[in-house]
Every structure is written in C-alpha cells, then in structure tokens.
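Participant: Quick one, input-v7.pdb (PDB, C-alpha atoms):
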ATOM      1  CA  MET A  28     -92.175-144.569 -94.611  1.00  0.00           C
ATOM      2  CA  THR A  29     -93.197-147.252 -92.173  1.00  0.00           C
ATOM      3  CA  ASP A  30     -91.720-147.694 -88.723  1.00  0.00           C
ATOM      4  CA  THR A  31     -91.903-151.472 -88.965  1.00  0.00           C
ATOM      5  CA  THR A  32     -88.966-153.608 -90.076  1.00  0.00           C
ATOM      6  CA  LEU A  33     -89.074-155.825 -93.164  1.00  0.00           C
ATOM      7  CA  PRO A  34     -89.475-159.025 -91.096  1.00  0.00           C
ATOM      8  CA  GLU A  35     -92.390-157.387 -89.236  1.00  0.00           C
ATOM      9  CA  GLN A  36     -94.005-156.419 -92.544  1.00  0.00           C
ATOM     10  CA  ILE A  37     -93.599-159.975 -93.853  1.00  0.00           C
ATOM     11  CA  ALA A  38     -94.984-161.370 -90.590  1.00  0.00           C
ATOM     12  CA  ALA A  39     -98.000-159.068 -90.904  1.00  0.00           C
ATOM     13  CA  GLN A  40     -98.731-160.399 -94.408  1.00  0.00           C
ATOM     14  CA  LEU A  41     -98.322-164.019 -93.343  1.00  0.00           C
ATOM     15  CA  ARG A  42    -100.501-163.366 -90.309  1.00  0.00           C
ATOM     16  CA  ARG A  43    -103.280-162.045 -92.529  1.00  0.00           C
ATOM     17  CA  ASP A  44    -102.899-165.072 -94.833  1.00  0.00           C
ATOM     18  CA  ILE A  45    -103.281-167.333 -91.802  1.00  0.00           C
ATOM     19  CA  LEU A  46    -106.352-165.449 -90.572  1.00  0.00           C
ATOM     20  CA  ARG A  47    -108.009-165.510 -93.982  1.00  0.00           C
ATOM     21  CA  GLY A  48    -107.389-169.244 -94.329  1.00  0.00           C
ATOM     22  CA  LYS A  49    -104.991-168.938 -97.242  1.00  0.00           C
ATOM     23  CA  LEU A  50    -102.563-170.718 -94.914  1.00  0.00           C
ATOM     24  CA  PRO A  51    -104.809-173.035 -92.845  1.00  0.00           C
ATOM     25  CA  PRO A  52    -103.648-175.006 -89.780  1.00  0.00           C
ATOM     26  CA  ASP A  53    -101.100-177.765 -90.484  1.00  0.00           C
ATOM     27  CA  THR A  54     -99.958-176.079 -93.710  1.00  0.00           C
ATOM     28  CA  ALA A  55     -96.190-175.980 -94.195  1.00  0.00           C
ATOM     29  CA  ILE A  56     -94.669-172.513 -94.571  1.00  0.00           C
ATOM     30  CA  LYS A  57     -91.758-173.083 -96.919  1.00  0.00           C
ATOM     31  CA  GLU A  58     -89.175-170.405 -96.377  1.00  0.00           C
ATOM     32  CA  ARG A  59     -87.757-170.397 -99.899  1.00  0.00           C
ATOM     33  CA  ASP A  60     -91.105-170.523-101.715  1.00  0.00           C
ATOM     34  CA  ASN A  61     -92.725-167.827 -99.601  1.00  0.00           C
ATOM     35  CA  ALA A  62     -89.674-165.584 -99.842  1.00  0.00           C
ATOM     36  CA  SER A  63     -89.714-165.928-103.628  1.00  0.00           C
ATOM     37  CA  GLU A  64     -93.444-165.221-103.796  1.00  0.00           C
ATOM     38  CA  MET A  65     -93.065-162.034-101.729  1.00  0.00           C
ATOM     39  CA  GLY A  66     -89.917-160.920-103.523  1.00  0.00           C
ATOM     40  CA  VAL A  67     -87.725-160.916-100.418  1.00  0.00           C
ATOM     41  CA  SER A  68     -84.649-162.823 -99.309  1.00  0.00           C
ATOM     42  CA  ARG A  69     -84.815-165.837 -97.037  1.00  0.00           C
ATOM     43  CA  THR A  70     -83.252-164.043 -94.053  1.00  0.00           C
ATOM     44  CA  PRO A  71     -86.153-161.617 -93.349  1.00  0.00           C
ATOM     45  CA  MET A  72     -88.604-164.428 -94.150  1.00  0.00           C
ATOM     46  CA  ARG A  73     -86.902-166.591 -91.533  1.00  0.00           C
ATOM     47  CA  GLU A  74     -87.150-163.763 -88.988  1.00  0.00           C
ATOM     48  CA  ALA A  75     -90.820-163.223 -89.851  1.00  0.00           C
ATOM     49  CA  ILE A  76     -91.569-166.887 -89.243  1.00  0.00           C
ATOM     50  CA  ARG A  77     -89.848-166.645 -85.862  1.00  0.00           C
ATOM     51  CA  ILE A  78     -92.095-163.697 -84.969  1.00  0.00           C
ATOM     52  CA  LEU A  79     -95.169-165.776 -85.782  1.00  0.00           C
ATOM     53  CA  ALA A  80     -93.766-168.733 -83.860  1.00  0.00           C
ATOM     54  CA  LYS A  81     -93.360-166.531 -80.781  1.00  0.00           C
ATOM     55  CA  GLU A  82     -97.003-165.529 -81.179  1.00  0.00           C
ATOM     56  CA  GLY A  83     -98.032-169.161 -81.313  1.00  0.00           C
ATOM     57  CA  LEU A  84     -99.393-168.921 -84.857  1.00  0.00           C
ATOM     58  CA  VAL A  85     -96.617-171.101 -86.273  1.00  0.00           C
ATOM     59  CA  LEU A  86     -94.843-174.202 -84.979  1.00  0.00           C
ATOM     60  CA  LEU A  87     -91.118-174.597 -85.655  1.00  0.00           C
ATOM     61  CA  ARG A  88     -89.865-178.121 -86.402  1.00  0.00           C
ATOM     62  CA  PRO A  89     -86.257-179.381 -86.487  1.00  0.00           C
ATOM     63  CA  SER A  90     -85.018-179.964 -90.067  1.00  0.00           C
ATOM     64  CA  ARG A  91     -88.518-179.470 -91.469  1.00  0.00           C
ATOM     65  CA  SER A  92     -90.611-176.550 -92.643  1.00  0.00           C
ATOM     66  CA  PRO A  93     -92.601-174.801 -89.906  1.00  0.00           C
ATOM     67  CA  ILE A  94     -96.353-175.316 -90.002  1.00  0.00           C
ATOM     68  CA  VAL A  95     -99.371-173.200 -89.125  1.00  0.00           C
ATOM     69  CA  ALA A  96    -100.382-174.111 -85.576  1.00  0.00           C
ATOM     70  CA  ARG A  97    -103.546-175.996 -84.716  1.00  0.00           C
ATOM     71  CA  PRO A  98    -104.090-175.353 -80.983  1.00  0.00           C
ATOM     72  CA  THR A  99    -106.335-177.561 -78.907  1.00  0.00           C
ATOM     73  CA  VAL A 100    -109.523-176.229 -77.346  1.00  0.00           C
ATOM     74  CA  LYS A 101    -107.943-176.589 -73.878  1.00  0.00           C
ATOM     75  CA  GLU A 102    -104.849-174.604 -74.877  1.00  0.00           C
ATOM     76  CA  VAL A 103    -106.939-171.785 -76.292  1.00  0.00           C
ATOM     77  CA  TYR A 104    -109.386-171.753 -73.396  1.00  0.00           C
ATOM     78  CA  ASP A 105    -106.566-171.499 -70.840  1.00  0.00           C
ATOM     79  CA  GLN A 106    -105.015-168.588 -72.723  1.00  0.00           C
ATOM     80  CA  VAL A 107    -108.358-166.770 -72.949  1.00  0.00           C
ATOM     81  CA  VAL A 108    -108.816-167.000 -69.174  1.00  0.00           C
ATOM     82  CA  VAL A 109    -105.477-165.238 -68.700  1.00  0.00           C
ATOM     83  CA  LEU A 110    -106.237-162.636 -71.378  1.00  0.00           C
ATOM     84  CA  LEU A 111    -109.575-161.751 -69.779  1.00  0.00           C
ATOM     85  CA  THR A 112    -107.821-161.108 -66.473  1.00  0.00           C
ATOM     86  CA  LEU A 113    -105.252-158.901 -68.207  1.00  0.00           C
ATOM     87  CA  GLU A 114    -107.975-156.957 -70.068  1.00  0.00           C
ATOM     88  CA  LYS A 115    -109.820-156.153 -66.846  1.00  0.00           C
ATOM     89  CA  LEU A 116    -106.625-155.310 -64.976  1.00  0.00           C
ATOM     90  CA  SER A 117    -105.665-152.952 -67.810  1.00  0.00           C
ATOM     91  CA  GLY A 118    -109.013-151.178 -67.544  1.00  0.00           C
ATOM     92  CA  GLN A 119    -108.716-150.847 -63.773  1.00  0.00           C
ATOM     93  CA  ILE A 120    -105.246-149.300 -63.921  1.00  0.00           C
ATOM     94  CA  ALA A 121    -106.091-147.134 -66.954  1.00  0.00           C
ATOM     95  CA  CYS A 122    -108.833-145.433 -64.932  1.00  0.00           C
ATOM     96  CA  LYS A 123    -106.082-143.747 -62.931  1.00  0.00           C
ATOM     97  CA  ALA A 124    -103.144-143.745 -65.301  1.00  0.00           C
ATOM     98  CA  ALA A 125    -104.637-142.894 -68.712  1.00  0.00           C
ATOM     99  CA  THR A 126    -103.902-139.431 -70.040  1.00  0.00           C
ATOM    100  CA  THR A 127    -106.377-137.296 -71.958  1.00  0.00           C
ATOM    101  CA  ALA A 128    -104.383-138.092 -75.091  1.00  0.00           C
ATOM    102  CA  ASP A 129    -104.734-141.828 -74.374  1.00  0.00           C
ATOM    103  CA  LEU A 130    -108.501-141.534 -74.050  1.00  0.00           C
ATOM    104  CA  ASP A 131    -108.747-139.362 -77.159  1.00  0.00           C
ATOM    105  CA  ALA A 132    -106.823-142.017 -79.124  1.00  0.00           C
ATOM    106  CA  LEU A 133    -109.224-144.681 -77.858  1.00  0.00           C
ATOM    107  CA  SER A 134    -112.213-142.546 -78.805  1.00  0.00           C
ATOM    108  CA  ASP A 135    -110.780-142.099 -82.285  1.00  0.00           C
ATOM    109  CA  ILE A 136    -110.524-145.864 -82.793  1.00  0.00           C
ATOM    110  CA  HIS A 137    -114.040-146.335 -81.384  1.00  0.00           C
ATOM    111  CA  GLU A 138    -115.425-143.761 -83.833  1.00  0.00           C
ATOM    112  CA  ARG A 139    -113.578-145.344 -86.755  1.00  0.00           C
ATOM    113  CA  ILE A 140    -115.058-148.744 -85.903  1.00  0.00           C
ATOM    114  CA  ALA A 141    -118.574-147.319 -85.552  1.00  0.00           C
ATOM    115  CA  GLU A 142    -118.299-145.422 -88.837  1.00  0.00           C
ATOM    116  CA  ALA A 143    -116.795-148.276 -90.827  1.00  0.00           C
ATOM    117  CA  TYR A 144    -118.530-151.274 -89.267  1.00  0.00           C
ATOM    118  CA  ASP A 145    -121.010-152.016 -92.048  1.00  0.00           C
ATOM    119  CA  ARG A 146    -118.750-151.345 -95.000  1.00  0.00           C
ATOM    120  CA  VAL A 147    -115.214-152.578 -94.343  1.00  0.00           C
ATOM    121  CA  ASP A 148    -113.590-155.957 -94.760  1.00  0.00           C
ATOM    122  CA  SER A 149    -114.029-158.227 -91.730  1.00  0.00           C
ATOM    123  CA  LEU A 150    -110.277-158.560 -91.195  1.00  0.00           C
ATOM    124  CA  ASP A 151    -109.730-154.788 -91.306  1.00  0.00           C
ATOM    125  CA  LEU A 152    -112.539-154.363 -88.792  1.00  0.00           C
ATOM    126  CA  PHE A 153    -111.102-157.073 -86.561  1.00  0.00           C
ATOM    127  CA  GLU A 154    -107.679-155.419 -86.535  1.00  0.00           C
ATOM    128  CA  LEU A 155    -109.278-152.128 -85.466  1.00  0.00           C
ATOM    129  CA  ASP A 156    -111.138-153.959 -82.708  1.00  0.00           C
ATOM    130  CA  MET A 157    -107.930-155.517 -81.401  1.00  0.00           C
ATOM    131  CA  GLU A 158    -106.185-152.140 -81.592  1.00  0.00           C
ATOM    132  CA  PHE A 159    -108.895-150.733 -79.306  1.00  0.00           C
ATOM    133  CA  HIS A 160    -108.132-153.386 -76.686  1.00  0.00           C
ATOM    134  CA  ARG A 161    -104.375-152.965 -77.101  1.00  0.00           C
ATOM    135  CA  LYS A 162    -104.705-149.216 -76.508  1.00  0.00           C
ATOM    136  CA  ILE A 163    -106.477-149.826 -73.193  1.00  0.00           C
ATOM    137  CA  ALA A 164    -103.518-151.888 -72.007  1.00  0.00           C
ATOM    138  CA  LEU A 165    -101.102-149.205 -73.169  1.00  0.00           C
ATOM    139  CA  ALA A 166    -103.164-146.535 -71.390  1.00  0.00           C
ATOM    140  CA  ALA A 167    -102.379-148.264 -68.087  1.00  0.00           C
ATOM    141  CA  HIS A 168     -98.754-147.126 -68.533  1.00  0.00           C
ATOM    142  CA  ASN A 169     -97.446-150.354 -67.049  1.00  0.00           C
ATOM    143  CA  GLU A 170     -94.843-151.858 -69.345  1.00  0.00           C
ATOM    144  CA  ALA A 171     -94.968-155.344 -67.812  1.00  0.00           C
ATOM    145  CA  LEU A 172     -98.738-155.437 -68.212  1.00  0.00           C
ATOM    146  CA  ALA A 173     -98.647-154.070 -71.770  1.00  0.00           C
ATOM    147  CA  VAL A 174     -96.030-156.612 -72.874  1.00  0.00           C
ATOM    148  CA  THR A 175     -97.846-159.549 -71.287  1.00  0.00           C
ATOM    149  CA  HIS A 176    -101.204-158.432 -72.667  1.00  0.00           C
ATOM    150  CA  GLY A 177     -99.648-158.017 -76.115  1.00  0.00           C
ATOM    151  CA  ASP A 178     -98.200-161.529 -75.987  1.00  0.00           C
ATOM    152  CA  TYR A 179    -101.542-163.118 -75.147  1.00  0.00           C
ATOM    153  CA  LEU A 180    -103.397-160.942 -77.639  1.00  0.00           C
ATOM    154  CA  ALA A 181    -101.014-162.155 -80.340  1.00  0.00           C
ATOM    155  CA  ARG A 182    -101.354-165.807 -79.305  1.00  0.00           C
ATOM    156  CA  LEU A 183    -105.130-165.590 -79.517  1.00  0.00           C
ATOM    157  CA  TRP A 184    -105.205-163.464 -82.674  1.00  0.00           C
ATOM    158  CA  ARG A 185    -106.434-166.192 -84.982  1.00  0.00           C
ATOM    159  CA  ALA A 186    -108.803-167.762 -82.455  1.00  0.00           C
ATOM    160  CA  ARG A 187    -110.420-164.391 -81.768  1.00  0.00           C
ATOM    161  CA  TYR A 188    -110.741-163.714 -85.479  1.00  0.00           C
ATOM    162  CA  LEU A 189    -112.520-167.025 -86.020  1.00  0.00           C
ATOM    163  CA  SER A 190    -114.876-166.206 -83.172  1.00  0.00           C
ATOM    164  CA  ALA A 191    -115.459-162.636 -84.371  1.00  0.00           C
ATOM    165  CA  THR A 192    -116.401-163.726 -87.893  1.00  0.00           C
ATOM    166  CA  MET A 193    -118.766-166.379 -86.549  1.00  0.00           C
ATOM    167  CA  ARG A 194    -120.417-163.901 -84.203  1.00  0.00           C
ATOM    168  CA  ARG A 195    -120.232-160.567 -86.003  1.00  0.00           C
ATOM    169  CA  ASN A 196    -122.524-158.240 -84.100  1.00  0.00           C
ATOM    170  CA  ARG A 197    -122.520-154.451 -84.381  1.00  0.00           C
ATOM    171  CA  GLU A 198    -124.144-153.879 -80.997  1.00  0.00           C
ATOM    172  CA  ARG A 199    -121.686-156.099 -79.170  1.00  0.00           C
ATOM    173  CA  VAL A 200    -118.722-154.243 -80.648  1.00  0.00           C
ATOM    174  CA  VAL A 201    -119.855-150.640 -81.055  1.00  0.00           C
ATOM    175  CA  THR A 202    -122.245-150.307 -78.099  1.00  0.00           C
ATOM    176  CA  HIS A 203    -119.984-152.188 -75.709  1.00  0.00           C
ATOM    177  CA  HIS A 204    -116.926-150.182 -76.747  1.00  0.00           C
ATOM    178  CA  GLY A 205    -118.922-147.021 -76.157  1.00  0.00           C
ATOM    179  CA  ALA A 206    -119.743-148.141 -72.622  1.00  0.00           C
ATOM    180  CA  ILE A 207    -116.076-148.911 -71.965  1.00  0.00           C
ATOM    181  CA  MET A 208    -115.130-145.455 -73.218  1.00  0.00           C
ATOM    182  CA  GLU A 209    -117.693-143.727 -71.019  1.00  0.00           C
ATOM    183  CA  ALA A 210    -116.450-145.604 -67.942  1.00  0.00           C
ATOM    184  CA  LEU A 211    -112.829-144.744 -68.682  1.00  0.00           C
ATOM    185  CA  ARG A 212    -113.678-141.076 -69.225  1.00  0.00           C
ATOM    186  CA  ALA A 213    -115.469-141.096 -65.866  1.00  0.00           C
ATOM    187  CA  ARG A 214    -112.420-142.745 -64.233  1.00  0.00           C
ATOM    188  CA  ASP A 215    -114.826-145.259 -62.702  1.00  0.00           C
ATOM    189  CA  PRO A 216    -113.106-148.632 -62.072  1.00  0.00           C
ATOM    190  CA  ARG A 217    -116.348-150.421 -61.222  1.00  0.00           C
ATOM    191  CA  ALA A 218    -118.046-149.198 -64.382  1.00  0.00           C
ATOM    192  CA  VAL A 219    -115.018-150.179 -66.492  1.00  0.00           C
ATOM    193  CA  ASP A 220    -115.010-153.638 -64.924  1.00  0.00           C
ATOM    194  CA  ALA A 221    -118.743-154.054 -65.594  1.00  0.00           C
ATOM    195  CA  ALA A 222    -118.437-152.808 -69.188  1.00  0.00           C
ATOM    196  CA  LEU A 223    -115.527-155.136 -69.965  1.00  0.00           C
ATOM    197  CA  ASP A 224    -117.288-158.007 -68.256  1.00  0.00           C
ATOM    198  CA  GLN A 225    -120.353-157.487 -70.448  1.00  0.00           C
ATOM    199  CA  HIS A 226    -118.236-157.153 -73.592  1.00  0.00           C
ATOM    200  CA  LEU A 227    -116.068-160.206 -72.922  1.00  0.00           C
ATOM    201  CA  SER A 228    -118.485-162.375 -70.929  1.00  0.00           C
ATOM    202  CA  ASN A 229    -118.803-165.138 -73.545  1.00  0.00           C
ATOM    203  CA  LEU A 230    -115.391-164.796 -75.168  1.00  0.00           C
ATOM    204  CA  ALA A 231    -113.872-167.993 -73.778  1.00  0.00           C
ATOM    205  CA  GLU A 232    -116.870-170.103 -74.763  1.00  0.00           C
ATOM    206  CA  ASP A 233    -117.172-168.479 -78.212  1.00  0.00           C
ATOM    207  CA  ILE A 234    -113.501-168.971 -79.031  1.00  0.00           C
ATOM    208  CA  ALA A 235    -113.510-172.543 -77.739  1.00  0.00           C
ATOM    209  CA  ALA A 236    -116.570-173.270 -79.902  1.00  0.00           C
ATOM    210  CA  ALA A 237    -114.890-171.774 -82.978  1.00  0.00           C
ATOM    211  CA  ILE A 238    -111.725-173.840 -82.483  1.00  0.00           C
ATOM    212  CA  GLU A 239    -113.711-176.970 -81.722  1.00  0.00           C
ATOM    213  CA  ALA A 240    -115.769-176.539 -84.896  1.00  0.00           C
ATOM    214  CA  GLU A 241    -112.655-176.015 -87.002  1.00  0.00           C
ATOM    215  CA  ASN A 242    -110.885-179.015 -85.515  1.00  0.00           C
ATOM    216  CA  ALA A 243    -113.988-181.163 -86.019  1.00  0.00           C
ATOM    217  CA  GLY A 244    -113.969-180.168 -89.682  1.00  0.00           C
ATOM    218  CA  HIS A 245    -110.300-181.105 -89.903  1.00  0.00           C
ATOM    219  CA  GLN A 246    -111.018-184.559 -88.480  1.00  0.00           C
ATOM    220  CA  GLY A 247    -113.649-185.020 -91.163  1.00  0.00           C
ATOM    221  CA  GLU A 248    -111.222-184.400 -94.025  1.00  0.00           C
ATOM    222  CA  GLU A 249    -110.674-187.185 -96.493  1.00  0.00           C
ATOM    223  CA  PRO A 250    -107.608-189.335 -95.820  1.00  0.00           C
ATOM    224  CA  GLY A 251    -104.524-187.755 -97.336  1.00  0.00           C
ATOM    225  CA  ALA A 252    -105.919-184.217 -97.361  1.00  0.00           C
ATOM    226  CA  ALA A 253    -103.492-182.951 -94.718  1.00  0.00           C
ATOM    227  CA  GLY A 254    -100.643-184.726 -96.415  1.00  0.00           C
ATOM    228  CA  GLU A 255    -101.423-182.961 -99.662  1.00  0.00           C
ATOM    229  CA  LYS A 256    -101.108-179.622 -97.872  1.00  0.00           C
ATOM    230  CA  ARG A 257     -97.638-180.643 -96.716  1.00  0.00           C
ATOM    231  CA  LYS A 258     -96.513-182.140 -99.971  1.00  0.00           C
ATOM    232  CA  GLY A 259     -92.895-181.294-100.556  1.00  0.00           C
ATOM    233  CA  ASP A 260     -92.379-180.428 -96.909  1.00  0.00           C
ATOM    234  CA  SER A 261     -88.726-180.903 -96.163  1.00  0.00           C
TER     235      SER A 261
END
Let me see the structure of the file written as structure tokens.

Facilitator:
Amino acid sequence: MTDTTLPEQIAAQLRRDILRGKLPPDTAIKERDNASEMGVSRTPMREAIRILAKEGLVLLRPSRSPIVARPTVKEVYDQVVVLLTLEKLSGQIACKAATTADLDALSDIHERIAEAYDRVDSLDLFELDMEFHRKIALAAHNEALAVTHGDYLARLWRARYLSATMRRNRERVVTHHGAIMEALRARDPRAVDAALDQHLSNLAEDIAAAIEAENAGHQGEEPGAAGEKRKGDS
C-alpha cells in the first residue's frame, strides 16, 4: 500500500510526463482526456493539476485548460538563488540537529546513487538526487525551512532535470555528495558549506542556460506549431 493519495499519485505521473517531454511547455492538460487515459475520475485529476500548479509546473487559466508552464530565464534564476540559500542553511542547521538515523538515511541514498549511477534511467537517478537534497533539509528538523525548501525544490524540479540531463557527470554527483556526507558526519558547518558550494556553484548558470536553450528552440518552431499542441483547448 502506498501512503500517497490518488491525486498525489496522478500528479507524480503527470510530473514525470512533463519532465520527459511527453507534455512539453505550453501543452494543454485536458482534464477529461487525461483522466480517461489514466482510468481515473475527473475529481482526483483536477486535484492533481492543482498540486502541479502550486509547484509552478502548470499554469491555471480561467475557463480554459491549464497548460504546462514555460518560465522565463529570469524567473528561474531568481528561484535558484533562493534555493541555493535554503540548501546551505539546511546543511548548516543539520550539522547540529541531524540525528544518527537522519545521517544513515542520507548515506543510504548516497550509496544507492553511487551504485546505480551508470545503469539506471536518468529520471530515476534525478529523483534520487533530489531526495538526497530533500533529506538534508529534513535533517535540520526545522519545519518552516523544510516546507520552504520543498516548495522551491518543486518549483525548480523541471529546470533542474533539464540541467542535470545536459550536464550528467558522475563525479559531480557521487563525489560531491560523498564530501557533503563526510562534512555532515563530522558536524563541521564550514566543511558542509564548502562542500555544498562546490556541488552547487554553477547551478544557477546551468539551469538558466538549459531554460534559455529550450526557449530559443521554442521560438524557432514553425508558425502554428504551438497552436497544434493546444488544438481543442477549451
């Protein structure tokens, strides 16, 4: 049995479809059609779409189908700046607040990533990577921080995935995570800050470049291409 609700399960599937490009930016998400395709009623589908809208992955529109969001480079860059601050604050607080169980859970995720890096699907790997960062925030045992970090992590989910697939690098992920783990185990705030800084140093620029490249490709589409994606949108 899963602990997640049906709307959360539907949102997870739609989120993966958005990340994989099955539902690219500007594509209408038609409640009735998607509910029928997934074999669910429209009510949980509607709730799932609201979850994604809260995360910034979907834009709601009055009297029209919601569409997959296409954020601007500036919007994404501003959000990344905030997320980086939250990541480092989480590491600082976790140095004092994290329990042995918290650190063991982090180590387990780190080992899973290292073991599976060269053989798993890129999206599965990305989700493990994001879980590692989410666990650091949770290890701070500060609910306000964890909630805020989770909100920004969700808003940047797709942008980070685009960046991660463009810049897939075992050393950056596995080696850097290992350094973060060592610093947390040592309860050394300075070392944690340095390890996170090294790991995330180019994140804002990489994500901005990924979004910029995608948006440039969108501008180069043939006239009518976007309209074809939204055909029947009402």

Participant: Translate the PyMOL selection byres ((chain A and resi 58) around 8), as applied to the file shown, into an explicit residue set as a PyMOL selection string.

Facilitator: chain A and resi 56-57+59-62+69+72-73+92

Participant: Show which residues sit within 6 Å of Pro34 in chain A, as a ChimeraX atom specification. Count all atoms listed in the file, and ignore same-chain residues fewer than 6 positions away.

Facilitator: /A:71,74-75

Participant: Identify which of the residues A:Arg199, A:Asn169, A:His226, A:Thr31 lies closest to Ala125 in chain A, counting only C-alpha atoms when measuring atom-to-atom distances.

Facilitator: A:Asn169

Participant: Convert the output of the PyMOL selection byres ((chain A and resi 80) around 12) on the shown file into explicit residues, formatted as a list of chain:residue names.

Facilitator: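 Taken over the shown coordinates, the PyMOL selection byres ((chain A and resi 80) around 12) returns A:Ala38, A:Leu41, A:Arg42, A:Ile56, A:Arg73, A:Glu74, A:Ala75, A:Ile76, A:Arg77, A:Ile78, A:Leu79, A:Lys81, A:Glu82, A:Gly83, A:Leu84, A:Val85, A:Leu86, A:Leu87, A:Arg88, A:Pro93, A:Ile94, A:Val95, A:Ala96, A:Asp178, A:Ala181, A:Arg182.
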
Participant: Taking all atoms listed in the file into account, which of A:Ala210, A:Asp53, A:Thr192, A:Glu170 comes nearest Pro98 in chain A?

Facilitator: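 Once distances to Pro98 in chain A are computed over all atoms listed in the file, the minimum belongs to A:Asp53.
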
Participant: Using Å and a single decimal, report how far CA of Asp30 in chain A sits from CA of Val200 in chain A.

Facilitator: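 It comes out at 28.9 Å.
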
Participant: As JSON, numbers by chain, please: the residues near Ala237 in chain A (cut-off 9 Å, all atoms listed in the file, same-chain neighbours under 4 positions excluded).

Facilitator: {"A": [100, 186, 187, 189, 190, 193, 232, 233, 241, 242]}

Participant: Just so the selection is clear, what residues does the PyMOL selection byres ((chain A and resi 110) around 9) cover here, as a VMD selection string?

Facilitator: chain A and resid 105 to 109 111 to 115 175 to 176 179 to 180 183

Participant: Of the candidates A:Leu46, A:Ala167, A:Leu155, A:Ala141, which one gets nearest to Arg185 in chain A if we count only C-alpha atoms?

Facilitator: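 Residue with the minimum atom-to-atom distance to Arg185 in chain A: A:Leu46.
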
Participant: Just the number, please: distance in Å from CA of Asn196 in chain A to CA of Leu227 in chain A, one decimal.

Facilitator: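 Between these atoms lies a distance of 13.1 Å.
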
Participant: Just how far from CA of Asp44 in chain A is CA of Ile234 in chain A, in Å to one decimal?

Facilitator: 19.4 Å

Participant: May I have the residues within 9 Å of Gly118 in chain A as a PyMOL selection string, using only C-alpha atoms and disregarding those fewer than 3 positions away in the same chain?

Facilitator: chain A and resi 113-115+121-122+163-164+166-167+207+211+216+219-220+223

Participant: Which one is closest to Glu138 in chain A: A:Leu165, A:Leu33, A:Val201, A:Leu50? Count only C-alpha atoms.

Facilitator: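 Of the candidates, the smallest distance to Glu138 in chain A is held by A:Val201.
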
Participant: Set up a box along x, y and z of the file covering all listed atoms of range 35-53 of chain A, add 6 Å on every one of the six sides, and write the centre and edge lengths in Å to one decimal, as lines of an AutoDock Vina configuration file.

Facilitator:
center_x = -100.2
center_y = -167.1
center_z = -93.2
size_x = 27.6
size_y = 33.3
size_z = 20.0

Participant: Give me the residues near Asp156 in chain A as a PyMOL selection string, where near means some atom within 10 Å (using all atoms listed in the file) and where sequence neighbours in that chain fewer than 3 positions away do not count.

Facilitator: chain A and resi 136-137+139-140+150-153+159-161+191+200-201+204

Participant: So which one's closest to Ala222 in chain A, A:Gly244, A:Gly66, A:Gly48, A:Gly205? Using all atoms listed in the file, please.

Facilitator: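 Result for the nearest residue to Ala222 in chain A: A:Gly205.
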
Participant: For Arg214 in chain A, which residue among A:Arg91, A:Thr127, A:Gln40, A:Ile45 is the nearest when counting only C-alpha atoms?

Facilitator: A:Thr127

Participant: From the coordinates I just gave you, please extract range 203-214 of chain A so that only N, CA, C and O atoms remain, then output it as a tab-separated table (two decimals), in the first residue's frame.

Facilitator:
chain	number	residue	atom	x	y	z
A	203	HIS	N	30.78	14.69	-5.00
A	203	HIS	CA	30.33	15.83	-4.23
A	203	HIS	C	29.39	15.42	-3.10
A	203	HIS	O	29.47	15.95	-1.99
A	204	HIS	N	28.49	14.49	-3.38
A	204	HIS	CA	27.60	14.01	-2.32
A	204	HIS	C	28.40	13.36	-1.20
A	204	HIS	O	28.06	13.49	-0.02
A	205	GLY	N	29.44	12.63	-1.58
A	205	GLY	CA	30.29	12.00	-0.58
A	205	GLY	C	30.95	13.03	0.33
A	205	GLY	O	31.04	12.84	1.56
A	206	ALA	N	31.40	14.13	-0.25
A	206	ALA	CA	32.02	15.19	0.54
A	206	ALA	C	31.01	15.84	1.48
A	206	ALA	O	31.33	16.17	2.64
A	207	ILE	N	29.79	16.01	1.00
A	207	ILE	CA	28.72	16.57	1.85
A	207	ILE	C	28.45	15.64	3.03
A	207	ILE	O	28.31	16.08	4.17
A	208	MET	N	28.40	14.34	2.74
A	208	MET	CA	28.15	13.36	3.79
A	208	MET	C	29.25	13.38	4.83
A	208	MET	O	28.98	13.36	6.04
A	209	GLU	N	30.49	13.41	4.39
A	209	GLU	CA	31.62	13.43	5.33
A	209	GLU	C	31.55	14.66	6.24
A	209	GLU	O	31.79	14.58	7.46
A	210	ALA	N	31.22	15.81	5.67
A	210	ALA	CA	31.14	17.04	6.45
A	210	ALA	C	30.00	16.99	7.47
A	210	ALA	O	30.14	17.44	8.61
A	211	LEU	N	28.87	16.42	7.06
A	211	LEU	CA	27.75	16.29	7.98
A	211	LEU	C	28.07	15.31	9.11
A	211	LEU	O	27.74	15.56	10.28
A	212	ARG	N	28.72	14.22	8.79
A	212	ARG	CA	29.11	13.24	9.81
A	212	ARG	C	30.07	13.88	10.81
A	212	ARG	O	30.03	13.57	12.01
A	213	ALA	N	30.93	14.77	10.32
A	213	ALA	CA	31.90	15.44	11.19
A	213	ALA	C	31.27	16.60	11.96
A	213	ALA	O	31.93	17.21	12.81
A	214	ARG	N	30.02	16.93	11.64
A	214	ARG	CA	29.31	18.06	12.27
A	214	ARG	C	30.12	19.35	12.08
A	214	ARG	O	30.24	20.17	12.99
